[in-house]
Number of protein chains: 2
Amino acid sequence: MRDEAPRPLTAICNALQEQIAHGLLPQGGKLPAERKLSELFDTTRITLREALGQLEAQGLIYREERRGWFVSPPRLAYNPLIRSHFHAMVAEQGRVPATEVLGARLIPASVEICELLELPALSSVYQIRRARRVDGRLVLYVEHYLNPAYFPGIIDFDLTQSLTDLYSSEYGIHYGRVRFDMVPTALHPEAAAPLKVSAGSPALRITRINRDQHGRLIDCDLEYWRHDAIHVSVEVA
Amino acid sequence: MRDEAPRPLTAICNALQEQIAHGLLPQGGKLPAERKLSELFDTTRITLREALGQLEAQGLIYREERRGWFVSPPRLAYNPLIRSHFHAMVAEQGRVPATEVLGARLIPASVEICELLELPALSSVYQIRRARRVDGRLVLYVEHYLNPAYFPGIIDFDLTQSLTDLYSSEYGIHYGRVRFDMVPTALHPEAAAPLKVSAGSPALRITRINRDQHGRLIDCDLEYWRHDAIHVSVEVA
DNA sequence: TAGTGGTCTAGACCACTGA
DNA sequence: CAGTGGTCTAGACCACTAA
């Protein structure tokens, strides 16, 4: 390895990577202001932000809209083969889950939802919008769409709890077959706002289409995860 | 919806999105030069590149290092539960696969590889590095690490073909249990170069740890996919 | 060799956050 | 209200690609 003069961008990335790897910046800790950093590295804010963007893409740091840059906590393990809801999954990994309900209402199903749930045109569906936290950090925005035929009046319950539990205790419905679809993409404005990140941030969109114990399509979830918040594990026998 | 004056960045994104959605720019087609576009939208290259970066994050367009911006082709479906190798998977979806061998040699195993394959310290492993294309586009960089005890002399075969087939026909070994781990991240320089993209581009890293029919750890793959090239589907019974 | 993308400089204004 | 991040301007030089 020869010691070539590194480009400013690379130099900044390496320096910050090293500091983070050696724990000099605490997890969840805030980085200094962009102007401070650009001064420190003797460069412009444009270049500095380019470097921060690369570290963000790697999942080492993340942004909160207008609040600054922070060191990313460890990723959560997400296993689609294990039937476990959010709170249980998070708690099992020694982290602290939290859920916030953003809205719940009966709406006309969009074309996309009609197709996913195999509903006739102009159907109504329950839409539940929630934001979820791990250790206080907003990491997930979900839209649930439920076939109202199976869950009359569900939006009057406390929806901060697990829907899985509600299905079971109030409606006698349990999950059966599930289809997952995972796509690396960017957050659209409606998902970015509740997560308090800027639209266009990288994300992992996970679509779940759920059937019950009788094979009936009962609901689907559109999940938008911060791309640095999870890793997906699957074990195949 | 009121008609607020949209910010330049948003306006550029929307305009390009629309053009692409309506097929005015052909799939795989090249966008005009950045300077042309910035002139067209009456803005600077910095701002224009910001917009292109957002579309890239969404997976609508992609970059080839120093060659320009192109419209992304449709994503490939990747199903970890279906035991199928790259060429078969791609061909089944009506696309054209291609493989290029970048190198094959016996090397001392890194700490990471020792752990993944449960090898003692200072073990040797076969490393096979390959790049894969779909319809001519470079989409995947893979490093395979094989336990040499099970595959003596394998690097002297034609390695552009499927390893699965080689294992079976030459060594009588078949895949058994497999562990997948998927992480949205960015390409490091060693993975970016063979894919001819700039380091730091968003990517999906898929680690596979494979066992044979007797449950022995035989090899592992470190796959780096362009983030806009695939979507992962899993069906759970 | 002309034109392109990759990188960088040196500023600026605005909207919002947090004290 | 001071400071921050979000956005934008108007240039520049270099290394590389494609003709």
# chains A, B, ... in the order shown; residues from 1 in each chain; ligands from 1
call {"tool": "residues_around", "arguments": {"residues": "range 143-157 of chain B", "least_positions_apart": "3", "cutoff": "8 Å", "atoms": "only C-alpha atoms (C1' of nucleotides)", "output": "number ranges by chain"}}
result
B: 104-105, 113, 117, 124-130, 167, 171, 217-223
call {"tool": "write_last_selection", "arguments": {"atoms": "N, CA and C atoms", "output": "CSV table (one decimal), in the first residue's frame"}}
result
chain,number,residue,atom,x,y,z
B,104,ALA,N,-9.5,-16.5,-9.1
B,104,ALA,CA,-9.8,-17.7,-8.3
B,104,ALA,C,-8.5,-18.2,-7.7
B,105,ARG,N,-8.4,-18.3,-6.4
B,105,ARG,CA,-7.1,-18.6,-5.8
B,105,ARG,C,-7.3,-19.2,-4.4
B,113,ILE,N,-14.1,-14.7,7.4
B,113,ILE,CA,-14.4,-15.9,6.8
B,113,ILE,C,-14.3,-17.1,7.7
B,117,LEU,N,-17.4,-19.7,8.3
B,117,LEU,CA,-17.2,-21.1,7.9
B,117,LEU,C,-16.8,-22.0,9.1
B,124,SER,N,-6.7,-22.1,5.1
B,124,SER,CA,-6.7,-21.7,3.8
B,124,SER,C,-8.1,-21.8,3.2
B,125,VAL,N,-8.5,-21.0,2.3
B,125,VAL,CA,-9.8,-21.1,1.6
B,125,VAL,C,-9.6,-20.8,0.1
B,126,TYR,N,-10.5,-21.4,-0.7
B,126,TYR,CA,-10.6,-20.9,-2.1
B,126,TYR,C,-11.4,-19.7,-2.1
B,127,GLN,N,-10.9,-18.7,-2.8
B,127,GLN,CA,-11.7,-17.5,-3.0
B,127,GLN,C,-12.0,-17.4,-4.5
B,128,ILE,N,-13.2,-17.2,-4.9
B,128,ILE,CA,-13.6,-17.1,-6.3
B,128,ILE,C,-14.3,-15.7,-6.4
B,129,ARG,N,-13.9,-14.9,-7.2
B,129,ARG,CA,-14.5,-13.5,-7.4
B,129,ARG,C,-15.1,-13.5,-8.8
B,130,ARG,N,-16.4,-13.1,-8.8
B,130,ARG,CA,-17.1,-13.1,-10.1
B,130,ARG,C,-18.0,-11.8,-10.2
B,167,TYR,N,-20.4,-28.5,-8.0
B,167,TYR,CA,-20.4,-29.2,-6.7
B,167,TYR,C,-21.1,-30.6,-6.9
B,171,TYR,N,-18.2,-33.3,-7.4
B,171,TYR,CA,-17.9,-33.6,-6.0
B,171,TYR,C,-19.0,-34.4,-5.3
B,217,LEU,N,-20.7,-27.3,6.8
B,217,LEU,CA,-20.5,-25.9,6.3
B,217,LEU,C,-19.6,-26.1,5.1
B,218,ILE,N,-20.0,-25.8,3.9
B,218,ILE,CA,-19.2,-26.0,2.7
B,218,ILE,C,-18.6,-24.7,2.1
B,219,ASP,N,-19.4,-23.7,2.1
B,219,ASP,CA,-19.0,-22.4,1.5
B,219,ASP,C,-19.8,-21.3,2.0
B,220,CYS,N,-19.4,-20.1,1.6
B,220,CYS,CA,-20.2,-18.9,1.8
B,220,CYS,C,-20.0,-17.9,0.7
B,221,ASP,N,-21.1,-17.2,0.4
B,221,ASP,CA,-21.0,-16.2,-0.7
B,221,ASP,C,-21.2,-14.8,-0.1
B,222,LEU,N,-20.4,-13.8,-0.5
B,222,LEU,CA,-20.7,-12.4,-0.2
B,222,LEU,C,-21.2,-11.8,-1.5
B,223,GLU,N,-22.5,-11.5,-1.6
B,223,GLU,CA,-23.0,-10.9,-2.8
B,223,GLU,C,-23.2,-9.4,-2.6
call {"tool": "interface_residues", "arguments": {"of": "chain A", "to": "chain D", "cutoff": "8 Å", "atoms": "only C-alpha atoms (C1' of nucleotides)", "output": "PyMOL selection string"}}
result
chain A and resi 33-34+65-68
call {"tool": "select_by_dssp", "arguments": {"residues": "range 38-124 of chain A", "states": "helix (DSSP H, G or I)", "output": "PDB file with all heavy atoms, in the first residue's frame"}}
result
ATOM      1  N   SER A  38     -16.680  21.063   8.425  1.00  0.00           N
ATOM      2  CA  SER A  38     -16.046  21.487   7.180  1.00  0.00           C
ATOM      3  C   SER A  38     -14.809  22.333   7.490  1.00  0.00           C
ATOM      4  O   SER A  38     -13.815  22.289   6.771  1.00  0.00           O
ATOM      5  CB  SER A  38     -17.027  22.271   6.314  1.00  0.00           C
ATOM      6  OG  SER A  38     -17.443  23.447   6.980  1.00  0.00           O
ATOM      7  N   GLU A  39     -14.873  23.071   8.583  1.00  0.00           N
ATOM      8  CA  GLU A  39     -13.719  23.867   8.999  1.00  0.00           C
ATOM      9  C   GLU A  39     -12.604  22.926   9.468  1.00  0.00           C
ATOM     10  O   GLU A  39     -11.450  23.047   9.068  1.00  0.00           O
ATOM     11  CB  GLU A  39     -14.150  24.774  10.152  1.00  0.00           C
ATOM     12  CG  GLU A  39     -13.279  25.969  10.413  1.00  0.00           C
ATOM     13  CD  GLU A  39     -13.916  26.838  11.503  1.00  0.00           C
ATOM     14  OE1 GLU A  39     -15.151  27.073  11.431  1.00  0.00           O
ATOM     15  OE2 GLU A  39     -13.192  27.235  12.422  1.00  0.00           O
ATOM     16  N   LEU A  40     -13.008  21.954  10.278  1.00  0.00           N
ATOM     17  CA  LEU A  40     -12.059  20.974  10.813  1.00  0.00           C
ATOM     18  C   LEU A  40     -11.295  20.270   9.698  1.00  0.00           C
ATOM     19  O   LEU A  40     -10.081  20.070   9.775  1.00  0.00           O
ATOM     20  CB  LEU A  40     -12.842  19.954  11.649  1.00  0.00           C
ATOM     21  CG  LEU A  40     -12.044  18.848  12.338  1.00  0.00           C
ATOM     22  CD1 LEU A  40     -11.117  19.471  13.372  1.00  0.00           C
ATOM     23  CD2 LEU A  40     -12.987  17.841  12.994  1.00  0.00           C
ATOM     24  N   ARG A  45     -18.738  23.042   2.750  1.00  0.00           N
ATOM     25  CA  ARG A  45     -19.857  22.257   3.260  1.00  0.00           C
ATOM     26  C   ARG A  45     -20.347  21.273   2.206  1.00  0.00           C
ATOM     27  O   ARG A  45     -20.771  20.159   2.539  1.00  0.00           O
ATOM     28  CB  ARG A  45     -21.014  23.176   3.674  1.00  0.00           C
ATOM     29  CG  ARG A  45     -21.009  23.505   5.155  1.00  0.00           C
ATOM     30  CD  ARG A  45     -22.183  24.393   5.500  1.00  0.00           C
ATOM     31  NE  ARG A  45     -23.430  23.665   5.622  1.00  0.00           N
ATOM     32  CZ  ARG A  45     -24.625  24.186   5.383  1.00  0.00           C
ATOM     33  NH1 ARG A  45     -24.736  25.443   4.995  1.00  0.00           N
ATOM     34  NH2 ARG A  45     -25.707  23.467   5.531  1.00  0.00           N
ATOM     35  N   ILE A  46     -20.311  21.683   0.942  1.00  0.00           N
ATOM     36  CA  ILE A  46     -20.749  20.793  -0.136  1.00  0.00           C
ATOM     37  C   ILE A  46     -19.974  19.481  -0.084  1.00  0.00           C
ATOM     38  O   ILE A  46     -20.549  18.388  -0.070  1.00  0.00           O
ATOM     39  CB  ILE A  46     -20.523  21.457  -1.511  1.00  0.00           C
ATOM     40  CG1 ILE A  46     -21.390  22.706  -1.644  1.00  0.00           C
ATOM     41  CG2 ILE A  46     -20.794  20.470  -2.631  1.00  0.00           C
ATOM     42  CD1 ILE A  46     -22.783  22.449  -2.115  1.00  0.00           C
ATOM     43  N   THR A  47     -18.668  19.608  -0.048  1.00  0.00           N
ATOM     44  CA  THR A  47     -17.820  18.406  -0.034  1.00  0.00           C
ATOM     45  C   THR A  47     -18.057  17.594   1.235  1.00  0.00           C
ATOM     46  O   THR A  47     -18.178  16.371   1.198  1.00  0.00           O
ATOM     47  CB  THR A  47     -16.345  18.811  -0.129  1.00  0.00           C
ATOM     48  OG1 THR A  47     -16.152  19.538  -1.336  1.00  0.00           O
ATOM     49  CG2 THR A  47     -15.443  17.604  -0.114  1.00  0.00           C
ATOM     50  N   LEU A  48     -18.141  18.319   2.356  1.00  0.00           N
ATOM     51  CA  LEU A  48     -18.376  17.610   3.608  1.00  0.00           C
ATOM     52  C   LEU A  48     -19.684  16.827   3.556  1.00  0.00           C
ATOM     53  O   LEU A  48     -19.751  15.665   3.972  1.00  0.00           O
ATOM     54  CB  LEU A  48     -18.428  18.593   4.784  1.00  0.00           C
ATOM     55  CG  LEU A  48     -18.733  17.844   6.069  1.00  0.00           C
ATOM     56  CD1 LEU A  48     -17.467  17.369   6.725  1.00  0.00           C
ATOM     57  CD2 LEU A  48     -19.585  18.650   7.001  1.00  0.00           C
ATOM     58  N   ARG A  49     -20.728  17.458   3.018  1.00  0.00           N
ATOM     59  CA  ARG A  49     -22.024  16.792   2.962  1.00  0.00           C
ATOM     60  C   ARG A  49     -21.984  15.576   2.035  1.00  0.00           C
ATOM     61  O   ARG A  49     -22.670  14.580   2.270  1.00  0.00           O
ATOM     62  CB  ARG A  49     -23.109  17.770   2.527  1.00  0.00           C
ATOM     63  CG  ARG A  49     -23.605  18.661   3.675  1.00  0.00           C
ATOM     64  CD  ARG A  49     -24.517  19.763   3.191  1.00  0.00           C
ATOM     65  NE  ARG A  49     -25.766  19.247   2.654  1.00  0.00           N
ATOM     66  CZ  ARG A  49     -26.858  19.008   3.380  1.00  0.00           C
ATOM     67  NH1 ARG A  49     -26.837  19.250   4.671  1.00  0.00           N
ATOM     68  NH2 ARG A  49     -27.941  18.552   2.831  1.00  0.00           N
ATOM     69  N   GLU A  50     -21.181  15.676   0.993  1.00  0.00           N
ATOM     70  CA  GLU A  50     -20.982  14.515   0.114  1.00  0.00           C
ATOM     71  C   GLU A  50     -20.437  13.338   0.919  1.00  0.00           C
ATOM     72  O   GLU A  50     -20.903  12.207   0.813  1.00  0.00           O
ATOM     73  CB  GLU A  50     -19.988  14.892  -0.999  1.00  0.00           C
ATOM     74  CG  GLU A  50     -19.920  13.907  -2.132  1.00  0.00           C
ATOM     75  CD  GLU A  50     -20.764  14.360  -3.314  1.00  0.00           C
ATOM     76  OE1 GLU A  50     -21.349  15.466  -3.234  1.00  0.00           O
ATOM     77  OE2 GLU A  50     -20.853  13.611  -4.277  1.00  0.00           O
ATOM     78  N   ALA A  51     -19.451  13.646   1.756  1.00  0.00           N
ATOM     79  CA  ALA A  51     -18.834  12.599   2.573  1.00  0.00           C
ATOM     80  C   ALA A  51     -19.855  12.030   3.567  1.00  0.00           C
ATOM     81  O   ALA A  51     -19.981  10.806   3.719  1.00  0.00           O
ATOM     82  CB  ALA A  51     -17.623  13.153   3.310  1.00  0.00           C
ATOM     83  N   LEU A  52     -20.599  12.905   4.225  1.00  0.00           N
ATOM     84  CA  LEU A  52     -21.606  12.446   5.175  1.00  0.00           C
ATOM     85  C   LEU A  52     -22.638  11.563   4.460  1.00  0.00           C
ATOM     86  O   LEU A  52     -23.088  10.555   5.006  1.00  0.00           O
ATOM     87  CB  LEU A  52     -22.300  13.642   5.837  1.00  0.00           C
ATOM     88  CG  LEU A  52     -21.411  14.492   6.760  1.00  0.00           C
ATOM     89  CD1 LEU A  52     -22.169  15.707   7.274  1.00  0.00           C
ATOM     90  CD2 LEU A  52     -20.885  13.662   7.921  1.00  0.00           C
ATOM     91  N   GLY A  53     -22.978  11.952   3.230  1.00  0.00           N
ATOM     92  CA  GLY A  53     -23.923  11.162   2.451  1.00  0.00           C
ATOM     93  C   GLY A  53     -23.425   9.746   2.206  1.00  0.00           C
ATOM     94  O   GLY A  53     -24.193   8.793   2.251  1.00  0.00           O
ATOM     95  N   GLN A  54     -22.125   9.605   1.966  1.00  0.00           N
ATOM     96  CA  GLN A  54     -21.570   8.267   1.753  1.00  0.00           C
ATOM     97  C   GLN A  54     -21.631   7.432   3.029  1.00  0.00           C
ATOM     98  O   GLN A  54     -21.965   6.253   2.990  1.00  0.00           O
ATOM     99  CB  GLN A  54     -20.126   8.376   1.261  1.00  0.00           C
ATOM    100  CG  GLN A  54     -20.021   8.999  -0.112  1.00  0.00           C
ATOM    101  CD  GLN A  54     -18.949   8.345  -0.966  1.00  0.00           C
ATOM    102  OE1 GLN A  54     -18.319   7.378  -0.557  1.00  0.00           O
ATOM    103  NE2 GLN A  54     -18.759   8.875  -2.164  1.00  0.00           N
ATOM    104  N   LEU A  55     -21.303   8.061   4.134  1.00  0.00           N
ATOM    105  CA  LEU A  55     -21.369   7.327   5.406  1.00  0.00           C
ATOM    106  C   LEU A  55     -22.816   6.950   5.721  1.00  0.00           C
ATOM    107  O   LEU A  55     -23.081   5.886   6.275  1.00  0.00           O
ATOM    108  CB  LEU A  55     -20.780   8.176   6.535  1.00  0.00           C
ATOM    109  CG  LEU A  55     -19.292   8.523   6.373  1.00  0.00           C
ATOM    110  CD1 LEU A  55     -18.820   9.374   7.534  1.00  0.00           C
ATOM    111  CD2 LEU A  55     -18.451   7.274   6.260  1.00  0.00           C
ATOM    112  N   GLU A  56     -23.738   7.826   5.352  1.00  0.00           N
ATOM    113  CA  GLU A  56     -25.158   7.527   5.545  1.00  0.00           C
ATOM    114  C   GLU A  56     -25.544   6.308   4.697  1.00  0.00           C
ATOM    115  O   GLU A  56     -26.239   5.412   5.166  1.00  0.00           O
ATOM    116  CB  GLU A  56     -26.013   8.731   5.147  1.00  0.00           C
ATOM    117  CG  GLU A  56     -27.503   8.508   5.328  1.00  0.00           C
ATOM    118  CD  GLU A  56     -28.343   9.643   4.743  1.00  0.00           C
ATOM    119  OE1 GLU A  56     -27.927  10.243   3.732  1.00  0.00           O
ATOM    120  OE2 GLU A  56     -29.422   9.915   5.303  1.00  0.00           O
ATOM    121  N   ALA A  57     -25.068   6.276   3.462  1.00  0.00           N
ATOM    122  CA  ALA A  57     -25.378   5.145   2.577  1.00  0.00           C
ATOM    123  C   ALA A  57     -24.832   3.840   3.151  1.00  0.00           C
ATOM    124  O   ALA A  57     -25.443   2.788   3.015  1.00  0.00           O
ATOM    125  CB  ALA A  57     -24.812   5.388   1.180  1.00  0.00           C
ATOM    126  N   GLN A  58     -23.694   3.920   3.795  1.00  0.00           N
ATOM    127  CA  GLN A  58     -23.116   2.724   4.416  1.00  0.00           C
ATOM    128  C   GLN A  58     -23.884   2.321   5.666  1.00  0.00           C
ATOM    129  O   GLN A  58     -23.720   1.220   6.170  1.00  0.00           O
ATOM    130  CB  GLN A  58     -21.664   2.980   4.808  1.00  0.00           C
ATOM    131  CG  GLN A  58     -20.693   2.968   3.656  1.00  0.00           C
ATOM    132  CD  GLN A  58     -19.306   3.396   4.084  1.00  0.00           C
ATOM    133  OE1 GLN A  58     -18.807   2.965   5.104  1.00  0.00           O
ATOM    134  NE2 GLN A  58     -18.707   4.273   3.305  1.00  0.00           N
ATOM    135  N   PHE A  86     -43.778  -6.702  16.152  1.00  0.00           N
ATOM    136  CA  PHE A  86     -42.729  -5.710  16.375  1.00  0.00           C
ATOM    137  C   PHE A  86     -42.256  -5.625  17.816  1.00  0.00           C
ATOM    138  O   PHE A  86     -41.064  -5.743  18.097  1.00  0.00           O
ATOM    139  CB  PHE A  86     -43.246  -4.344  15.901  1.00  0.00           C
ATOM    140  CG  PHE A  86     -42.266  -3.229  16.078  1.00  0.00           C
ATOM    141  CD1 PHE A  86     -41.235  -3.052  15.173  1.00  0.00           C
ATOM    142  CD2 PHE A  86     -42.373  -2.360  17.151  1.00  0.00           C
ATOM    143  CE1 PHE A  86     -40.328  -2.020  15.328  1.00  0.00           C
ATOM    144  CE2 PHE A  86     -41.461  -1.320  17.320  1.00  0.00           C
ATOM    145  CZ  PHE A  86     -40.439  -1.155  16.407  1.00  0.00           C
ATOM    146  N   HIS A  87     -43.176  -5.482  18.761  1.00  0.00           N
ATOM    147  CA  HIS A  87     -42.770  -5.296  20.154  1.00  0.00           C
ATOM    148  C   HIS A  87     -41.991  -6.496  20.675  1.00  0.00           C
ATOM    149  O   HIS A  87     -40.968  -6.352  21.338  1.00  0.00           O
ATOM    150  CB  HIS A  87     -44.001  -5.025  21.035  1.00  0.00           C
ATOM    151  CG  HIS A  87     -44.450  -3.606  20.978  1.00  0.00           C
ATOM    152  ND1 HIS A  87     -44.250  -2.710  22.004  1.00  0.00           N
ATOM    153  CD2 HIS A  87     -45.062  -2.914  19.997  1.00  0.00           C
ATOM    154  CE1 HIS A  87     -44.734  -1.537  21.661  1.00  0.00           C
ATOM    155  NE2 HIS A  87     -45.239  -1.621  20.451  1.00  0.00           N
ATOM    156  N   ALA A  88     -42.476  -7.704  20.341  1.00  0.00           N
ATOM    157  CA  ALA A  88     -41.782  -8.906  20.799  1.00  0.00           C
ATOM    158  C   ALA A  88     -40.394  -8.992  20.174  1.00  0.00           C
ATOM    159  O   ALA A  88     -39.397  -9.243  20.856  1.00  0.00           O
ATOM    160  CB  ALA A  88     -42.605 -10.145  20.434  1.00  0.00           C
ATOM    161  N   MET A  89     -40.328  -8.738  18.875  1.00  0.00           N
ATOM    162  CA  MET A  89     -39.055  -8.835  18.157  1.00  0.00           C
ATOM    163  C   MET A  89     -38.021  -7.881  18.747  1.00  0.00           C
ATOM    164  O   MET A  89     -36.874  -8.256  18.988  1.00  0.00           O
ATOM    165  CB  MET A  89     -39.305  -8.488  16.683  1.00  0.00           C
ATOM    166  CG  MET A  89     -38.071  -8.431  15.831  1.00  0.00           C
ATOM    167  SD  MET A  89     -38.481  -8.072  14.101  1.00  0.00           S
ATOM    168  CE  MET A  89     -38.480  -6.288  14.102  1.00  0.00           C
ATOM    169  N   VAL A  90     -38.442  -6.666  18.999  1.00  0.00           N
ATOM    170  CA  VAL A  90     -37.513  -5.666  19.520  1.00  0.00           C
ATOM    171  C   VAL A  90     -37.077  -6.015  20.944  1.00  0.00           C
ATOM    172  O   VAL A  90     -35.886  -5.976  21.276  1.00  0.00           O
ATOM    173  CB  VAL A  90     -38.144  -4.260  19.479  1.00  0.00           C
ATOM    174  CG1 VAL A  90     -37.236  -3.238  20.147  1.00  0.00           C
ATOM    175  CG2 VAL A  90     -38.443  -3.853  18.047  1.00  0.00           C
ATOM    176  N   ALA A  91     -38.058  -6.390  21.755  1.00  0.00           N
ATOM    177  CA  ALA A  91     -37.753  -6.692  23.152  1.00  0.00           C
ATOM    178  C   ALA A  91     -36.821  -7.893  23.263  1.00  0.00           C
ATOM    179  O   ALA A  91     -35.908  -7.918  24.096  1.00  0.00           O
ATOM    180  CB  ALA A  91     -39.048  -6.951  23.923  1.00  0.00           C
ATOM    181  N   GLU A  92     -37.039  -8.898  22.399  1.00  0.00           N
ATOM    182  CA  GLU A  92     -36.181 -10.090  22.419  1.00  0.00           C
ATOM    183  C   GLU A  92     -34.720  -9.763  22.171  1.00  0.00           C
ATOM    184  O   GLU A  92     -33.828 -10.499  22.552  1.00  0.00           O
ATOM    185  CB  GLU A  92     -36.631 -11.083  21.325  1.00  0.00           C
ATOM    186  CG  GLU A  92     -37.694 -12.047  21.784  1.00  0.00           C
ATOM    187  CD  GLU A  92     -38.415 -12.676  20.590  1.00  0.00           C
ATOM    188  OE1 GLU A  92     -37.847 -12.661  19.481  1.00  0.00           O
ATOM    189  OE2 GLU A  92     -39.556 -13.153  20.783  1.00  0.00           O
ATOM    190  N   VAL A 111     -55.953   1.628  -6.139  1.00  0.00           N
ATOM    191  CA  VAL A 111     -55.792   0.546  -7.108  1.00  0.00           C
ATOM    192  C   VAL A 111     -54.792  -0.488  -6.589  1.00  0.00           C
ATOM    193  O   VAL A 111     -55.019  -1.697  -6.642  1.00  0.00           O
ATOM    194  CB  VAL A 111     -55.299   1.105  -8.459  1.00  0.00           C
ATOM    195  CG1 VAL A 111     -55.004  -0.045  -9.426  1.00  0.00           C
ATOM    196  CG2 VAL A 111     -56.322   2.047  -9.059  1.00  0.00           C
ATOM    197  N   GLU A 112     -53.675   0.010  -6.057  1.00  0.00           N
ATOM    198  CA  GLU A 112     -52.624  -0.889  -5.566  1.00  0.00           C
ATOM    199  C   GLU A 112     -53.165  -1.825  -4.473  1.00  0.00           C
ATOM    200  O   GLU A 112     -52.936  -3.028  -4.496  1.00  0.00           O
ATOM    201  CB  GLU A 112     -51.457  -0.059  -5.021  1.00  0.00           C
ATOM    202  CG  GLU A 112     -50.233  -0.893  -4.672  1.00  0.00           C
ATOM    203  CD  GLU A 112     -49.246  -0.125  -3.804  1.00  0.00           C
ATOM    204  OE1 GLU A 112     -49.512   1.057  -3.480  1.00  0.00           O
ATOM    205  OE2 GLU A 112     -48.219  -0.716  -3.419  1.00  0.00           O
ATOM    206  N   ILE A 113     -53.898  -1.238  -3.520  1.00  0.00           N
ATOM    207  CA  ILE A 113     -54.414  -2.043  -2.409  1.00  0.00           C
ATOM    208  C   ILE A 113     -55.462  -3.043  -2.895  1.00  0.00           C
ATOM    209  O   ILE A 113     -55.492  -4.196  -2.444  1.00  0.00           O
ATOM    210  CB  ILE A 113     -55.012  -1.125  -1.316  1.00  0.00           C
ATOM    211  CG1 ILE A 113     -53.935  -0.187  -0.779  1.00  0.00           C
ATOM    212  CG2 ILE A 113     -55.614  -1.950  -0.197  1.00  0.00           C
ATOM    213  CD1 ILE A 113     -52.730  -0.881  -0.195  1.00  0.00           C
ATOM    214  N   CYS A 114     -56.302  -2.623  -3.815  1.00  0.00           N
ATOM    215  CA  CYS A 114     -57.283  -3.550  -4.382  1.00  0.00           C
ATOM    216  C   CYS A 114     -56.596  -4.764  -4.961  1.00  0.00           C
ATOM    217  O   CYS A 114     -57.010  -5.913  -4.744  1.00  0.00           O
ATOM    218  CB  CYS A 114     -58.096  -2.860  -5.489  1.00  0.00           C
ATOM    219  SG  CYS A 114     -59.412  -1.803  -4.866  1.00  0.00           S
ATOM    220  N   GLU A 115     -55.505  -4.535  -5.678  1.00  0.00           N
ATOM    221  CA  GLU A 115     -54.790  -5.652  -6.286  1.00  0.00           C
ATOM    222  C   GLU A 115     -54.153  -6.540  -5.225  1.00  0.00           C
ATOM    223  O   GLU A 115     -54.255  -7.766  -5.276  1.00  0.00           O
ATOM    224  CB  GLU A 115     -53.714  -5.139  -7.241  1.00  0.00           C
ATOM    225  CG  GLU A 115     -54.290  -4.662  -8.567  1.00  0.00           C
ATOM    226  CD  GLU A 115     -53.223  -4.103  -9.490  1.00  0.00           C
ATOM    227  OE1 GLU A 115     -52.037  -4.113  -9.097  1.00  0.00           O
ATOM    228  OE2 GLU A 115     -53.587  -3.643 -10.583  1.00  0.00           O
ATOM    229  N   LEU A 116     -53.510  -5.918  -4.252  1.00  0.00           N
ATOM    230  CA  LEU A 116     -52.817  -6.708  -3.223  1.00  0.00           C
ATOM    231  C   LEU A 116     -53.797  -7.576  -2.447  1.00  0.00           C
ATOM    232  O   LEU A 116     -53.509  -8.730  -2.128  1.00  0.00           O
ATOM    233  CB  LEU A 116     -52.055  -5.787  -2.263  1.00  0.00           C
ATOM    234  CG  LEU A 116     -50.830  -5.068  -2.833  1.00  0.00           C
ATOM    235  CD1 LEU A 116     -50.201  -4.161  -1.772  1.00  0.00           C
ATOM    236  CD2 LEU A 116     -49.790  -6.083  -3.321  1.00  0.00           C
ATOM    237  N   LEU A 117     -54.964  -7.010  -2.118  1.00  0.00           N
ATOM    238  CA  LEU A 117     -55.932  -7.749  -1.300  1.00  0.00           C
ATOM    239  C   LEU A 117     -56.994  -8.445  -2.144  1.00  0.00           C
ATOM    240  O   LEU A 117     -57.940  -9.038  -1.610  1.00  0.00           O
ATOM    241  CB  LEU A 117     -56.600  -6.794  -0.292  1.00  0.00           C
ATOM    242  CG  LEU A 117     -55.682  -6.233   0.799  1.00  0.00           C
ATOM    243  CD1 LEU A 117     -56.473  -5.339   1.752  1.00  0.00           C
ATOM    244  CD2 LEU A 117     -55.028  -7.374   1.577  1.00  0.00           C
TER     245      LEU A 117
END
call {"tool": "interface_residues", "arguments": {"of": "chain C", "to": "chain B", "cutoff": "8 Å", "atoms": "only C-alpha atoms (C1' of nucleotides)", "output": "MDAnalysis selection string"}}
result
chainID C and resid 4:6
call {"tool": "closest_residue", "arguments": {"among": "B:Ala131, B:Cys13, B:Gly103, B:Val139", "to": "chain A", "atoms": "only C-alpha atoms"}}
result
B:Cys13
call {"tool": "interface_residues", "arguments": {"of": "chain B", "to": "chain A", "cutoff": "7 Å", "atoms": "only C-alpha atoms", "output": "ChimeraX atom specification"}}
result
/B:54,57-59,81,176-186,200,202,227-228,231-237
call {"tool": "atom_distance", "arguments": {"atom1": "CA of Ala109 in chain B", "atom2": "CA of Leu16 in chain A"}}
result
27.9 Å
call {"tool": "atom_distance", "arguments": {"atom1": "CA of Gly28 in chain A", "atom2": "C1' of DC16 in chain C"}}
result
22.0 Å
